[in-house]
Amino acid sequence: MILILLSGLFLALCIFAALHDVNRLTIPNWLNITLAALFLPAALASGLPLQLLGGHLLAGGLAFVVAFGLFAFRIFGGGDAKMIPAVVLWMGPAASLPFLYWMAISGGACALILLIGKRSVPAEVVPGFMRAPFEPKAGVPYGVAIAAGAMLAGQHSLMLSPLYEAIGFSG
C-alpha cells in the first residue's frame, strides 16, 4: 500500500513538473530532488533486492551522465537534465528503454504541436498559463515529454507496476 501511494505521488509530481514547465519553461530543483528522493522509501517499501536496487542506481547514474552531456550541448535545459535521471531511477533497467522511447515520441509530438502553433496562433492569444512556449525563441517544455514517458512506460517498472495493477492497467 505504501509503495502504491509513493508511486502515485511520484506520477503526480511528474505531472506537476510538466505543468510547471509549460507555464514557466523551468522545472524547479526542489521538484527533481523530491522525485529522486522518493525512490529510496519506495524501494524500501517494495523490498527491492540489493541487485535490483543497484540496477536502478546504475540506470539513474547513466541517465545523469547522458542527460548532462545533452545539457552541455544545449539540447536539454537544466531542469530536464535533472528530471530525466530522477525518472530513470524509478524506471530501472526494465523500463528505461520504453521510457526513452515514449519520451522521444512525446517530445517530437510536443515540438510539432509548438511548431504548428507558433506559426498559426499569435502568442498574445494563447492563455497565460501556457503562453511561455509560444513566445518567440522559446524552447520546447520537455518536462511534458518526460512526464508522458514516465506515465506510458510506468507499467514496465518494478517500482510503478503495482500502482498500474491496482488501477487496472497491467500488461
# chains A, B, ... in the order shown; residues from 1 in each chain; ligands from 1

call {"tool": "select_by_dssp", "arguments": {"residues": "chain A", "states": "helix (DSSP H, G or I)", "output": "number ranges by chain"}}
result
A: 2-24, 29-37, 39-46, 50-72, 78-120, 123-125, 128-130, 132-134, 143-156, 161-166

call {"tool": "closest_atom_pairs", "arguments": {"of": "range 74-140 of chain A", "to": "range 40-57 of chain A", "cutoff": "8 Å", "atoms": "only C-alpha atoms", "output": "CSV"}}
result
residue,atom,partner,partner_atom,distance
A:Val88,CA,A:His56,CA,7.6
A:Leu89,CA,A:His56,CA,5.3
A:Trp90,CA,A:His56,CA,7.0
A:Met91,CA,A:His56,CA,7.2
A:Gly92,CA,A:His56,CA,4.1
A:Pro93,CA,A:Gly55,CA,6.1

call {"tool": "write_last_selection", "arguments": {"atoms": "all heavy atoms", "output": "PDB file, in the first residue's frame"}}
result
ATOM      1  N   VAL A  88      14.400   7.967 -14.475  1.00  0.00           N
ATOM      2  CA  VAL A  88      15.049   6.696 -14.817  1.00  0.00           C
ATOM      3  C   VAL A  88      15.376   5.909 -13.552  1.00  0.00           C
ATOM      4  O   VAL A  88      15.320   4.676 -13.555  1.00  0.00           O
ATOM      5  CB  VAL A  88      16.302   6.925 -15.690  1.00  0.00           C
ATOM      6  CG1 VAL A  88      17.110   5.644 -15.845  1.00  0.00           C
ATOM      7  CG2 VAL A  88      15.890   7.443 -17.060  1.00  0.00           C
ATOM      8  N   LEU A  89      15.681   6.587 -12.472  1.00  0.00           N
ATOM      9  CA  LEU A  89      15.898   5.914 -11.190  1.00  0.00           C
ATOM     10  C   LEU A  89      14.680   5.072 -10.828  1.00  0.00           C
ATOM     11  O   LEU A  89      14.804   3.928 -10.394  1.00  0.00           O
ATOM     12  CB  LEU A  89      16.182   6.962 -10.114  1.00  0.00           C
ATOM     13  CG  LEU A  89      16.602   6.504  -8.741  1.00  0.00           C
ATOM     14  CD1 LEU A  89      17.918   5.737  -8.804  1.00  0.00           C
ATOM     15  CD2 LEU A  89      16.742   7.707  -7.819  1.00  0.00           C
ATOM     16  N   TRP A  90      13.491   5.617 -11.020  1.00  0.00           N
ATOM     17  CA  TRP A  90      12.248   4.888 -10.755  1.00  0.00           C
ATOM     18  C   TRP A  90      11.998   3.809 -11.800  1.00  0.00           C
ATOM     19  O   TRP A  90      11.451   2.754 -11.488  1.00  0.00           O
ATOM     20  CB  TRP A  90      11.069   5.863 -10.744  1.00  0.00           C
ATOM     21  CG  TRP A  90      10.875   6.539  -9.434  1.00  0.00           C
ATOM     22  CD1 TRP A  90      11.567   7.606  -8.958  1.00  0.00           C
ATOM     23  CD2 TRP A  90       9.928   6.196  -8.434  1.00  0.00           C
ATOM     24  NE1 TRP A  90      11.101   7.951  -7.716  1.00  0.00           N
ATOM     25  CE2 TRP A  90      10.090   7.101  -7.382  1.00  0.00           C
ATOM     26  CE3 TRP A  90       8.940   5.206  -8.339  1.00  0.00           C
ATOM     27  CZ2 TRP A  90       9.311   7.057  -6.236  1.00  0.00           C
ATOM     28  CZ3 TRP A  90       8.163   5.164  -7.201  1.00  0.00           C
ATOM     29  CH2 TRP A  90       8.358   6.078  -6.162  1.00  0.00           C
ATOM     30  N   MET A  91      12.371   4.065 -13.042  1.00  0.00           N
ATOM     31  CA  MET A  91      12.108   3.106 -14.123  1.00  0.00           C
ATOM     32  C   MET A  91      12.985   1.866 -13.990  1.00  0.00           C
ATOM     33  O   MET A  91      12.534   0.759 -14.216  1.00  0.00           O
ATOM     34  CB  MET A  91      12.361   3.746 -15.491  1.00  0.00           C
ATOM     35  CG  MET A  91      11.399   4.839 -15.852  1.00  0.00           C
ATOM     36  SD  MET A  91       9.733   4.234 -16.068  1.00  0.00           S
ATOM     37  CE  MET A  91       8.822   5.492 -15.220  1.00  0.00           C
ATOM     38  N   GLY A  92      14.230   2.064 -13.639  1.00  0.00           N
ATOM     39  CA  GLY A  92      15.155   0.950 -13.547  1.00  0.00           C
ATOM     40  C   GLY A  92      15.493   0.390 -14.912  1.00  0.00           C
ATOM     41  O   GLY A  92      14.997   0.861 -15.943  1.00  0.00           O
ATOM     42  N   PRO A  93      16.331  -0.642 -14.945  1.00  0.00           N
ATOM     43  CA  PRO A  93      16.746  -1.219 -16.229  1.00  0.00           C
ATOM     44  C   PRO A  93      15.576  -1.767 -17.054  1.00  0.00           C
ATOM     45  O   PRO A  93      15.577  -1.674 -18.272  1.00  0.00           O
ATOM     46  CB  PRO A  93      17.694  -2.358 -15.834  1.00  0.00           C
ATOM     47  CG  PRO A  93      18.121  -2.064 -14.444  1.00  0.00           C
ATOM     48  CD  PRO A  93      17.007  -1.281 -13.810  1.00  0.00           C
TER      49      PRO A  93
END

call {"tool": "atom_distance", "arguments": {"atom1": "CA of Ala104 in chain A", "atom2": "CA of Thr26 in chain A"}}
result
18.8 Å

call {"tool": "closest_atom_pairs", "arguments": {"of": "range 7-58 of chain A", "to": "range 78-87 of chain A", "cutoff": "12 Å", "atoms": "only C-alpha atoms", "output": "Markdown table"}}
result
| residue | atom | partner | partner_atom | distance |
| --- | --- | --- | --- | --- |
| A:Ser7 | CA | A:Val87 | CA | 11.3 |
| A:Phe10 | CA | A:Val87 | CA | 8.8 |
| A:Leu11 | CA | A:Val87 | CA | 9.5 |
| A:Leu13 | CA | A:Val87 | CA | 10.7 |
| A:Cys14 | CA | A:Val87 | CA | 8.5 |
| A:Ile15 | CA | A:Met83 | CA | 11.9 |
| A:Ala17 | CA | A:Met83 | CA | 8.7 |
| A:Ala18 | CA | A:Asp80 | CA | 10.0 |
| A:His20 | CA | A:Gly79 | CA | 10.8 |
| A:Asp21 | CA | A:Gly79 | CA | 8.8 |
| A:Arg24 | CA | A:Gly79 | CA | 11.4 |
| A:Leu25 | CA | A:Gly79 | CA | 9.0 |
| A:Thr26 | CA | A:Gly79 | CA | 6.1 |
| A:Ile27 | CA | A:Gly79 | CA | 4.7 |
| A:Pro28 | CA | A:Gly79 | CA | 6.6 |
| A:Asn29 | CA | A:Gly79 | CA | 6.9 |
| A:Trp30 | CA | A:Gly79 | CA | 10.2 |
| A:Leu31 | CA | A:Met83 | CA | 8.4 |
| A:Asn32 | CA | A:Met83 | CA | 5.3 |
| A:Ile33 | CA | A:Ala86 | CA | 7.7 |
| A:Thr34 | CA | A:Ala86 | CA | 8.7 |
| A:Leu35 | CA | A:Ala86 | CA | 5.8 |
| A:Ala36 | CA | A:Ala86 | CA | 4.6 |
| A:Ala37 | CA | A:Ala86 | CA | 8.4 |
| A:Leu38 | CA | A:Ala86 | CA | 9.4 |
| A:Phe39 | CA | A:Ala86 | CA | 8.5 |
| A:Leu40 | CA | A:Ala86 | CA | 11.4 |
| A:His56 | CA | A:Pro85 | CA | 10.2 |
| A:Leu57 | CA | A:Pro85 | CA | 9.5 |
| A:Leu58 | CA | A:Pro85 | CA | 10.2 |

call {"tool": "write_last_selection", "arguments": {"atoms": "N, CA, C and O atoms", "output": "compact mmCIF listing (two decimals), in the first residue's frame"}}
result
# COMPACT_ATOMS: atom_id res chain seq x y z
N SER A 7 4.22 5.69 -5.39
CA SER A 7 4.22 5.68 -6.86
C SER A 7 3.22 6.70 -7.40
O SER A 7 3.52 7.40 -8.37
N PHE A 10 4.75 10.06 -6.98
CA PHE A 10 5.78 10.24 -8.00
C PHE A 10 5.16 10.68 -9.32
O PHE A 10 5.59 11.66 -9.93
N LEU A 11 4.13 9.97 -9.78
CA LEU A 11 3.50 10.31 -11.05
C LEU A 11 2.79 11.66 -10.98
O LEU A 11 2.82 12.44 -11.95
N LEU A 13 3.73 14.18 -9.16
CA LEU A 13 4.80 15.19 -9.23
C LEU A 13 5.36 15.32 -10.64
O LEU A 13 5.75 16.41 -11.06
N CYS A 14 5.38 14.23 -11.39
CA CYS A 14 5.79 14.30 -12.80
C CYS A 14 4.82 15.19 -13.58
O CYS A 14 5.24 16.01 -14.39
N ILE A 15 3.53 15.01 -13.33
CA ILE A 15 2.51 15.83 -14.00
C ILE A 15 2.67 17.30 -13.58
O ILE A 15 2.61 18.20 -14.41
N ALA A 17 5.43 18.73 -12.65
CA ALA A 17 6.63 19.22 -13.33
C ALA A 17 6.31 19.61 -14.77
O ALA A 17 6.78 20.63 -15.27
N ALA A 18 5.51 18.79 -15.45
CA ALA A 18 5.13 19.09 -16.83
C ALA A 18 4.34 20.39 -16.90
O ALA A 18 4.61 21.25 -17.76
N HIS A 20 4.33 22.85 -14.72
CA HIS A 20 5.23 23.96 -14.36
C HIS A 20 6.11 24.32 -15.55
O HIS A 20 6.35 25.51 -15.82
N ASP A 21 6.58 23.31 -16.28
CA ASP A 21 7.43 23.55 -17.43
C ASP A 21 6.66 24.28 -18.53
O ASP A 21 7.20 25.18 -19.19
N ARG A 24 6.25 27.99 -17.12
CA ARG A 24 7.42 28.85 -16.91
C ARG A 24 8.67 28.43 -17.66
O ARG A 24 9.71 29.06 -17.53
N LEU A 25 8.60 27.31 -18.39
CA LEU A 25 9.75 26.75 -19.10
C LEU A 25 10.91 26.43 -18.15
O LEU A 25 12.08 26.54 -18.52
N THR A 26 10.56 26.03 -16.93
CA THR A 26 11.56 25.57 -15.96
C THR A 26 10.96 24.43 -15.15
O THR A 26 9.74 24.31 -15.03
N ILE A 27 11.83 23.61 -14.61
CA ILE A 27 11.44 22.57 -13.66
C ILE A 27 12.27 22.84 -12.41
O ILE A 27 13.50 22.78 -12.46
N PRO A 28 11.62 23.16 -11.29
CA PRO A 28 12.38 23.55 -10.09
C PRO A 28 13.27 22.42 -9.55
O PRO A 28 12.91 21.25 -9.63
N ASN A 29 14.39 22.83 -8.99
CA ASN A 29 15.31 21.85 -8.40
C ASN A 29 14.66 21.05 -7.29
O ASN A 29 14.88 19.85 -7.18
N TRP A 30 13.84 21.71 -6.44
CA TRP A 30 13.21 21.00 -5.33
C TRP A 30 12.34 19.87 -5.84
O TRP A 30 12.23 18.82 -5.19
N LEU A 31 11.74 20.06 -7.00
CA LEU A 31 10.87 19.03 -7.56
C LEU A 31 11.68 17.83 -8.05
O LEU A 31 11.32 16.68 -7.77
N ASN A 32 12.78 18.09 -8.73
CA ASN A 32 13.63 16.99 -9.19
C ASN A 32 14.27 16.25 -8.02
O ASN A 32 14.38 15.02 -8.05
N ILE A 33 14.66 16.98 -7.00
CA ILE A 33 15.23 16.33 -5.80
C ILE A 33 14.17 15.46 -5.14
O ILE A 33 14.46 14.34 -4.72
N THR A 34 12.94 15.96 -5.05
CA THR A 34 11.85 15.19 -4.44
C THR A 34 11.56 13.93 -5.24
O THR A 34 11.36 12.85 -4.66
N LEU A 35 11.53 14.04 -6.58
CA LEU A 35 11.31 12.85 -7.42
C LEU A 35 12.36 11.78 -7.15
O LEU A 35 12.03 10.61 -7.02
N ALA A 36 13.61 12.19 -7.07
CA ALA A 36 14.69 11.23 -6.81
C ALA A 36 14.64 10.71 -5.38
O ALA A 36 14.81 9.52 -5.14
N ALA A 37 14.39 11.60 -4.43
CA ALA A 37 14.40 11.20 -3.02
C ALA A 37 13.27 10.24 -2.67
O ALA A 37 13.42 9.40 -1.78
N LEU A 38 12.15 10.34 -3.36
CA LEU A 38 11.03 9.42 -3.10
C LEU A 38 11.37 7.98 -3.47
O LEU A 38 10.71 7.05 -3.00
N PHE A 39 12.39 7.81 -4.29
CA PHE A 39 12.77 6.46 -4.72
C PHE A 39 13.21 5.60 -3.54
O PHE A 39 12.85 4.42 -3.46
N LEU A 40 13.99 6.15 -2.62
CA LEU A 40 14.52 5.35 -1.52
C LEU A 40 13.42 4.77 -0.63
O LEU A 40 13.41 3.54 -0.41
N HIS A 56 18.83 -0.12 -10.60
CA HIS A 56 18.12 1.17 -10.66
C HIS A 56 19.11 2.32 -10.49
O HIS A 56 19.03 3.33 -11.22
N LEU A 57 20.01 2.19 -9.54
CA LEU A 57 21.00 3.25 -9.31
C LEU A 57 21.93 3.40 -10.51
O LEU A 57 22.28 4.53 -10.89
N LEU A 58 22.32 2.29 -11.10
CA LEU A 58 23.19 2.33 -12.28
C LEU A 58 22.47 2.99 -13.46
O LEU A 58 23.05 3.84 -14.16

call {"tool": "atom_distance", "arguments": {"atom1": "CA of Ser170 in chain A", "atom2": "CA of Ala95 in chain A"}}
result
13.8 Å

call {"tool": "atom_distance", "arguments": {"atom1": "CA of Gly107 in chain A", "atom2": "CA of Phe71 in chain A"}}
result
15.6 Å

call {"tool": "residues_around", "arguments": {"residues": "Ile146 in chain A", "least_positions_apart": "3", "cutoff": "6 Å", "atoms": "only C-alpha atoms", "output": "tab-separated table (two decimals) with C-alpha atoms, in the first residue's frame"}}
result
chain	number	residue	atom	x	y	z
A	103	MET	CA	9.72	10.33	-24.03
A	143	GLY	CA	9.05	18.18	-18.94
A	149	GLY	CA	7.30	8.89	-20.97
